[in-house]
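See below for query_6.cif, which holds mmCIF, C-alpha atoms.
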```cif
data_work
loop_
_atom_site.label_atom_id
_atom_site.label_comp_id
_atom_site.auth_asym_id
_atom_site.auth_seq_id
_atom_site.Cartn_x
_atom_site.Cartn_y
_atom_site.Cartn_z
CA MET A 88 -0.84 -16.59 -13.07
CA SER A 89 2.55 -17.91 -11.92
CA ARG A 90 3.57 -14.78 -9.99
CA PHE A 91 0.11 -14.44 -8.50
CA ALA A 92 -0.04 -18.10 -7.51
CA GLY A 93 3.43 -17.93 -6.00
CA SER A 94 2.56 -14.86 -3.95
CA LEU A 95 -0.63 -16.51 -2.80
CA ILE A 96 1.15 -19.67 -1.70
CA GLU A 97 3.92 -17.80 0.10
CA THR A 98 1.44 -15.49 1.83
CA ALA A 99 -0.59 -18.47 3.05
CA ARG A 100 2.52 -20.36 4.14
CA VAL A 101 4.09 -17.49 6.06
CA ARG A 102 0.76 -16.56 7.62
CA ALA A 103 0.40 -20.17 8.77
CA GLY A 104 3.93 -20.18 10.17
CA LEU A 105 5.06 -23.07 8.00
CA THR A 106 8.32 -23.80 6.25
CA GLN A 107 8.28 -24.84 2.61
CA ALA A 108 9.03 -28.42 3.65
CA GLU A 109 6.19 -28.48 6.18
CA LEU A 110 3.71 -27.11 3.66
CA ALA A 111 4.92 -29.56 1.03
CA ARG A 112 4.38 -32.48 3.38
CA ARG A 113 0.86 -31.33 4.22
CA ALA A 114 0.03 -30.74 0.56
CA ARG A 115 1.56 -34.04 -0.55
CA THR A 116 4.11 -32.44 -2.82
CA SER A 117 7.83 -31.69 -2.69
CA GLN A 118 9.62 -28.78 -1.04
CA SER A 119 11.23 -27.95 -4.38
CA ALA A 120 7.81 -27.69 -6.03
CA ILE A 121 6.71 -25.19 -3.40
CA ALA A 122 9.95 -23.26 -3.93
CA PHE A 123 9.42 -23.16 -7.69
CA TYR A 124 5.83 -22.02 -7.29
CA GLU A 125 6.78 -19.28 -4.84
CA ALA A 126 9.56 -18.07 -7.11
CA GLY A 127 7.13 -17.93 -10.01
CA THR A 128 9.29 -20.18 -12.15
CA ARG A 129 6.57 -22.84 -12.24
CA SER A 130 2.85 -22.36 -12.24
CA PRO A 131 0.51 -24.75 -10.44
CA SER A 132 -2.84 -25.81 -11.85
CA MET A 133 -5.87 -24.34 -10.14
CA ALA A 134 -6.53 -27.68 -8.46
CA THR A 135 -2.97 -27.86 -7.14
CA LEU A 136 -3.07 -24.25 -5.99
CA GLU A 137 -6.29 -24.87 -4.14
CA ARG A 138 -4.85 -28.00 -2.50
CA ILE A 139 -1.72 -26.16 -1.34
CA VAL A 140 -3.63 -23.18 0.02
CA ARG A 141 -5.98 -25.55 1.85
CA ALA A 142 -2.99 -27.42 3.28
CA ALA A 143 -1.85 -24.12 4.81
CA GLY A 144 -5.21 -23.81 6.53
CA PHE A 145 -6.96 -21.45 4.14
CA GLU A 146 -9.41 -21.67 1.29
CA MET A 147 -9.40 -19.79 -1.98
CA ARG A 148 -12.31 -17.60 -2.91
CA ILE A 149 -12.49 -16.10 -6.36
CA GLN A 150 -14.74 -13.26 -7.41
CA LEU A 151 -15.35 -11.10 -10.44
CA GLU A 152 -15.13 -7.34 -10.05
CA ALA A 153 -15.51 -4.39 -12.39
CA PRO A 154 -12.14 -3.29 -13.79
CA ASP A 155 -10.19 -0.79 -11.71
CA ASP A 156 -8.56 1.85 -13.95
CA HIS A 157 -6.24 3.09 -11.19
CA ASP A 158 -3.08 1.62 -12.68
CA ALA A 159 -3.98 2.53 -16.25
CA SER A 160 -4.54 6.16 -15.28
CA LEU A 161 -1.28 6.12 -13.31
CA ASP A 162 0.57 4.81 -16.36
CA ARG A 163 -0.96 7.56 -18.49
CA TRP A 164 0.35 10.13 -16.05
CA LEU A 165 3.77 8.47 -15.80
CA ASP A 166 4.03 8.70 -19.59
CA THR A 167 4.00 12.48 -19.20
CA ILE A 168 7.00 12.43 -16.84
CA PRO A 169 10.32 13.38 -18.45
CA SER A 170 12.18 10.19 -19.30
CA LYS A 171 15.34 11.24 -17.39
CA ALA A 172 13.45 11.63 -14.12
CA ARG A 173 11.57 8.41 -14.65
CA LYS A 174 14.77 6.51 -15.43
CA ALA A 175 16.41 7.82 -12.25
CA PHE A 176 13.49 6.53 -10.23
CA GLU A 177 13.50 3.16 -11.96
CA ASP A 178 17.27 2.80 -11.49
CA ASP A 179 16.87 3.55 -7.80
CA GLN A 180 14.03 1.04 -7.67
CA ARG A 181 16.24 -1.69 -9.10
CA ARG A 182 19.03 -0.89 -6.63
CA ARG A 183 16.61 -0.92 -3.72
CA VAL A 184 14.91 -4.19 -4.62
CA GLY A 185 18.23 -5.79 -5.54
CA ALA A 186 19.69 -4.81 -2.18
CA SER A 187 16.81 -6.38 -0.27
CA ARG A 188 17.13 -9.78 -1.95
CA MET B 240 9.17 12.85 -10.62
CA SER B 241 12.66 12.43 -9.24
CA GLU B 242 14.69 9.59 -7.86
CA GLU B 243 12.55 10.03 -4.77
CA GLY B 244 9.46 9.21 -6.84
CA ILE B 245 6.84 11.24 -5.03
CA ASP B 246 7.39 14.14 -2.66
CA ALA B 247 5.39 12.49 0.09
CA ARG B 248 6.94 14.66 2.77
CA ARG B 249 5.49 17.79 1.19
CA LEU B 250 2.07 16.16 0.89
CA PHE B 251 2.09 15.13 4.56
CA ALA B 252 3.30 18.57 5.60
CA VAL B 253 0.44 20.27 3.75
CA LEU B 254 -2.16 17.85 5.13
CA ASN B 255 -0.84 18.31 8.67
CA SER B 256 -0.67 22.09 8.42
CA HIS B 257 -4.35 22.07 7.44
CA HIS B 258 -5.14 19.76 10.39
CA VAL B 259 -6.56 17.04 8.15
CA ASP B 260 -7.39 13.77 9.89
CA TYR B 261 -6.23 10.91 7.66
CA VAL B 262 -4.27 7.69 7.59
CA VAL B 263 -1.79 6.61 4.95
CA ILE B 264 -2.63 3.25 3.42
CA GLY B 265 -1.43 1.12 0.50
CA GLY B 266 2.08 0.94 -0.85
CA MET B 267 3.27 4.11 0.85
CA ALA B 268 2.15 2.72 4.20
CA VAL B 269 4.12 -0.45 3.48
CA GLU B 270 7.14 1.69 2.61
CA LEU B 271 6.83 3.82 5.76
CA HIS B 272 6.76 0.64 7.84
CA GLU B 273 10.10 -0.16 6.16
CA VAL B 274 9.02 -3.40 4.56
CA PRO B 275 11.55 -4.09 1.78
CA VAL B 276 9.34 -3.87 -1.30
CA GLU B 277 9.41 -1.93 -4.54
CA ARG B 278 8.73 1.73 -3.99
CA THR B 279 5.38 3.15 -4.86
CA VAL B 280 4.83 6.07 -7.21
CA ASP B 281 1.67 7.28 -5.51
CA VAL B 282 0.30 7.96 -2.04
CA ASP B 283 -3.04 6.59 -0.87
CA ILE B 284 -4.78 8.19 2.05
CA THR B 285 -8.07 7.54 3.81
CA PRO B 286 -9.54 10.71 5.33
CA ASP B 287 -12.04 11.09 8.13
CA THR B 288 -15.33 11.79 6.36
CA GLU B 289 -16.53 14.27 8.98
CA ALA B 290 -17.74 17.35 7.06
CA ASP B 291 -15.26 19.89 8.44
CA ASN B 292 -12.40 17.50 7.82
CA LEU B 293 -13.40 17.13 4.18
CA THR B 294 -13.34 20.91 3.88
CA ARG B 295 -9.84 20.96 5.34
CA LEU B 296 -8.80 18.13 3.01
CA ALA B 297 -10.09 20.01 -0.04
CA ARG B 298 -8.25 23.19 1.03
CA ALA B 299 -5.04 21.28 1.59
CA LEU B 300 -5.19 19.51 -1.76
CA ASN B 301 -6.02 22.75 -3.56
CA LYS B 302 -2.65 24.06 -2.38
CA LEU B 303 -1.10 21.30 -4.48
CA HIS B 304 -3.03 22.10 -7.68
CA PRO B 305 -4.98 18.85 -8.03
CA ARG B 306 -5.90 17.36 -11.38
CA LEU B 307 -8.31 14.47 -11.82
CA ARG B 308 -6.64 11.33 -13.10
CA SER B 309 -8.48 8.86 -15.29
CA VAL B 310 -7.83 6.77 -18.37
CA ASP B 311 -10.42 8.91 -20.12
CA LEU B 312 -8.51 12.14 -19.40
CA PRO B 313 -5.21 13.53 -20.67
CA GLY B 314 -2.18 12.02 -18.95
CA GLU B 315 -1.43 15.21 -17.04
CA GLY B 316 -4.98 15.16 -15.64
CA LEU B 317 -7.90 17.58 -15.60
CA PRO B 318 -7.42 20.58 -13.26
CA ILE B 319 -10.13 20.86 -10.63
CA ARG B 320 -10.90 23.08 -7.69
CA LEU B 321 -11.89 20.80 -4.84
CA ASP B 322 -14.42 21.53 -2.16
CA ARG B 323 -16.29 19.43 0.38
CA LYS B 324 -19.08 18.62 -2.06
CA TRP B 325 -16.65 16.68 -4.22
CA PHE B 326 -16.10 14.26 -1.38
CA ALA B 327 -19.60 14.25 0.07
CA ASP B 328 -21.18 11.91 -2.49
CA PRO B 329 -21.56 8.59 -0.66
CA ARG B 330 -21.13 6.75 -3.96
CA LEU B 331 -17.59 8.08 -4.21
CA LEU B 332 -15.24 5.41 -2.94
CA MET B 333 -12.03 6.64 -4.52
CA MET B 334 -10.65 9.76 -6.17
CA ASN B 335 -7.45 9.56 -8.20
CA LEU B 336 -5.48 12.80 -8.45
CA VAL B 337 -2.25 14.16 -9.82
CA THR B 338 -0.80 17.02 -7.79
CA ASP B 339 2.34 19.12 -7.58
CA VAL B 340 3.88 16.40 -5.39
CA GLY B 341 2.84 13.45 -7.56
CA ALA B 342 -0.07 11.02 -7.74
CA VAL B 343 -2.39 11.04 -4.73
CA ASP B 344 -5.35 8.71 -4.28
CA ILE B 345 -8.13 9.44 -1.83
CA SER B 346 -9.70 6.16 -0.79
CA PHE B 347 -12.74 6.53 1.44
CA ARG B 348 -13.30 2.87 2.14
CA PRO B 349 -10.32 0.69 1.25
CA SER B 350 -11.14 -2.94 0.49
CA GLY B 351 -11.82 -5.03 3.54
CA THR B 352 -12.14 -2.03 5.87
CA ASP B 353 -14.81 0.34 7.11
CA GLY B 354 -12.74 3.38 6.23
CA TYR B 355 -11.11 5.91 8.52
CA VAL B 356 -12.93 4.98 11.73
CA ASP B 357 -11.76 1.42 11.26
CA LEU B 358 -8.18 2.21 10.29
CA VAL B 359 -7.54 4.95 12.84
CA ARG B 360 -7.88 2.46 15.68
CA GLY B 361 -4.65 0.71 14.76
CA ARG B 362 -2.77 3.56 13.16
CA VAL B 363 0.73 4.43 14.22
CA ILE B 364 2.62 7.70 13.96
CA ILE B 365 5.78 7.43 11.89
CA ASP B 366 8.35 10.16 11.56
CA HIS B 367 9.01 10.73 7.86
CA LYS B 368 11.82 13.19 7.32
CA GLY B 369 10.74 15.23 10.33
CA ILE B 370 7.01 15.08 9.65
CA GLU B 371 4.69 13.02 11.86
CA VAL B 372 2.59 10.82 9.62
CA PRO B 373 -0.44 8.75 10.69
CA VAL B 374 -0.04 5.39 9.00
CA ALA B 375 -2.39 2.41 9.00
CA SER B 376 -1.04 -0.58 10.88
CA LEU B 377 0.71 -3.12 8.75
CA GLU B 378 -1.85 -5.70 9.85
CA ASP B 379 -4.63 -3.48 8.47
CA VAL B 380 -2.72 -2.88 5.24
CA ALA B 381 -2.30 -6.64 4.81
CA ARG B 382 -5.99 -7.16 5.58
CA SER B 383 -6.96 -4.63 2.92
CA LYS B 384 -4.59 -5.98 0.32
CA SER B 385 -5.88 -9.51 0.92
CA ALA B 386 -9.45 -8.30 0.52
CA ALA B 387 -8.64 -6.32 -2.64
CA GLY B 388 -7.47 -9.59 -4.13
CA ARG B 389 -5.73 -8.13 -7.18
CA ALA B 390 -2.55 -9.77 -8.41
CA LYS B 391 -0.58 -6.57 -7.69
CA ASP B 392 -1.79 -6.61 -4.09
CA PHE B 393 -0.68 -10.20 -3.62
CA GLU B 394 2.77 -9.39 -5.00
CA LYS B 395 3.56 -7.36 -1.87
CA LEU B 396 1.80 -9.61 0.62
CA PRO B 397 4.55 -12.21 1.15
CA ALA B 398 7.03 -9.49 2.13
CA ILE B 399 4.46 -7.94 4.48
CA GLU B 400 3.66 -11.29 6.08
CA ARG B 401 7.35 -12.10 6.55
CA PHE B 402 7.91 -8.69 8.13
CA LEU B 403 4.97 -9.18 10.49
CA ARG B 404 6.15 -12.67 11.39
CA ASP B 405 9.68 -11.46 12.13
CA ARG B 406 8.33 -8.58 14.20
CA ARG B 407 6.13 -10.93 16.22
CA THR B 408 8.93 -13.37 16.90
CA SER B 409 11.43 -10.72 17.93
CA ARG B 410 9.11 -8.67 20.10
CA ALA B 411 10.01 -8.97 23.77
CA PRO B 412 7.12 -9.67 26.18
CA SER B 413 7.99 -6.71 28.35
CA GLU B 414 7.41 -4.23 25.57
CA GLY B 415 4.23 -2.25 25.74
CA SER B 416 1.66 -1.72 23.06
CA GLU B 417 2.14 1.99 22.67
CA ALA B 418 1.16 2.68 19.09
CA ARG B 419 3.87 5.17 18.37
CA TRP B 420 7.30 4.89 16.94
CA THR B 421 9.74 6.85 14.91
CA GLY B 422 11.51 5.71 11.85
CA GLY B 423 10.73 5.84 8.18
CA PRO B 424 12.84 5.67 5.07
CA THR B 425 15.18 8.45 6.13
CA SER B 426 15.94 7.10 9.56
CA ARG B 427 16.51 3.47 8.74
CA GLY B 428 17.66 1.52 11.72
CA ARG B 429 16.18 3.81 14.32
CA ARG B 430 12.95 1.88 14.48
CA GLY B 431 13.01 -1.82 15.00
CA PRO B 432 10.53 -4.12 16.60
CA GLY B 433 12.00 -3.16 19.93
CA SER B 434 10.92 0.44 19.64
CA LEU B 435 7.26 -0.33 19.14
#
```
Structure rendered as structure tokens:
Amino acid sequence: MSRFAGSLIETARVRAGLTQAELARRARTSQSAIAFYEAGTRSPSMATLERIVRAAGFEMRIQLEAPDDHDASLDRWLDTIPSKARKAFEDDQRRRVGASR
Amino acid sequence: MSEEGIDARRLFAVLNSHHVDYVVIGGMAVELHEVPVERTVDVDITPDTEADNLTRLARALNKLHPRLRSVDLPGEGLPIRLDRKWFADPRLLMMNLVTDVGAVDISFRPSGTDGYVDLVRGRVIIDHKGIEVPVASLEDVARSKSAAGRAKDFEKLPAIERFLRDRRTSRAPSEGSEARWTGGPTSRGRRGPGSL
């Protein structure tokens, strides 16, 4: 939930063109709380999440869907990939993501 | 699989040589737009569902030895010989494949869109290692990921939104709206907001 909530808050904030401090003021919370939520190091309650998203000018809508087996089937295929090739890709992935942060 | 992950260039080359009308969507589209996110291990495309195009799509994919991918099938997939009829069933929204170039997903109507006719309006052509690739606009990719609503979709959305915001703020008013640019992972730096 924490990573998902953080992504949701940051998406809403950036889409609204707000800084963390501006969103915090609108949502009656602190800038550090927004920062923690966005980083995924703290997880807001559903009520808090809804309040923050609303403060950014959006509303949350939740729906139930049938499971999508896309990722599970992809994982099954990846398990058939030789470990050396997979490790090379994952190492490159870490370098790439690390470099962009 | 190699350090490159998927041989997307070869896939695009085969699709183009068979004159398939399609747009790249999903994580690969995000990557081709040069948004700094984790790389994807599969390619999602949305084809034009016009009958002749589906025939061309099937022929192109057959060159890459497609296998059906599902949790109910062996990891390496179930070999199939594609033809237009495979794609003609209107109930089919998505087909997950493994091919010689890696995992390829055919998505006929991505979440939040009306499929190819919707996505082709905003698509841009991106040069990927010398191959011209039709890619859904980043705005459309964000729209689809928002509509899909899965946690994994939202993980990439902040980076996409930041990229779009930065592009909007740095775009000069005198620049036109020509939907064509060059760039891509192998030509980093050639395409910035200014070359839109």
Exercise for the section: Using only C-alpha atoms, find the residues of chain A whose closest atom to chain B is at most 6 Å away, then write them as JSON, numbers by chain. Expected result: {"A": [91, 94, 97, 98, 160, 163, 164, 172, 175, 176, 184]}
Exercise for the section: Quick one: apply the PyMOL selection byres ((chain B and resi 296) around 10) to the file and drop the selected residues here as a ChimeraX atom specification. Expected result: /B:253-255,257-261,286-288,290-295,297-301,321-323,326,345
Practice task
Could you give me, as a list in words, the residues within 12 Å of Glu137 in chain A, counting only C-alpha atoms and dropping anything in the same chain fewer than 2 positions from it?
Solution key: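 So the residues in contact are Ala92, Leu95, Ile96, Ala99, Ala114, Pro131, Ser132, Met133, Ala134, Thr135, Ile139, Val140, Arg141, Ala142, Ala143, Gly144, Phe145, Glu146, Met147, Arg148 and Ile149 of chain A.
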Handout entry: Interatomic distance, CA of Val380 in chain B to CA of Ile264 in chain B (Å, one decimal)
Key =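 So the answer is 6.4 Å.
Residues matched by the PyMOL selection byres ((chain A and resi 126) around 10) in this structure: Ser89, Arg90, Ala92, Gly93, Ser94, Glu97, Ala120, Ile121, Ala122, Phe123, Tyr124, Glu125, Gly127, Thr128, Arg129 and Ser130 of chain A.
Taking only C-alpha atoms into account, Val340 in chain B lies nearest to B:Leu303 out of the set B:Leu303, B:Ala327, B:Ile284, B:Met267.
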Exercise for the section: Could you tell me which residues the PyMOL selection byres ((chain B and resi 370-379) around 6) grabs in this file, written as an NGL selection string? Expected result: :B and (262-264 or 268 or 358 or 361-369 or 380-382)
Exercise for the section: Have a look at CA of Arg330 in chain B and CA of Phe251 in chain B and let me know their distance in Å, one decimal. Expected result: 26.1 Å
Fill in the blank from the handout: Pairwise distance, CA of Val282 in chain B with CA of Gly266 in chain B, equals 7.3 Å
Handout entry: Distance criterion (only C-alpha atoms): nearest to His157 in chain A out of B:Ser383, B:Ser346, B:Val359, B:Asp405
Key =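 Closest residue, counting only C-alpha atoms: B:Ser346.
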Produce the centre coordinates and the three edge lengths, each in Å to one decimal, of the box along x, y and z that contains all listed atoms of range 97-114 of chain A with 8 Å added on each side, as AutoDock Vina command-line options.
```
--center_x 4.2 --center_y -24.0 --center_z 5.1 --size_x 25.6 --size_y 33.0 --size_z 26.1
```
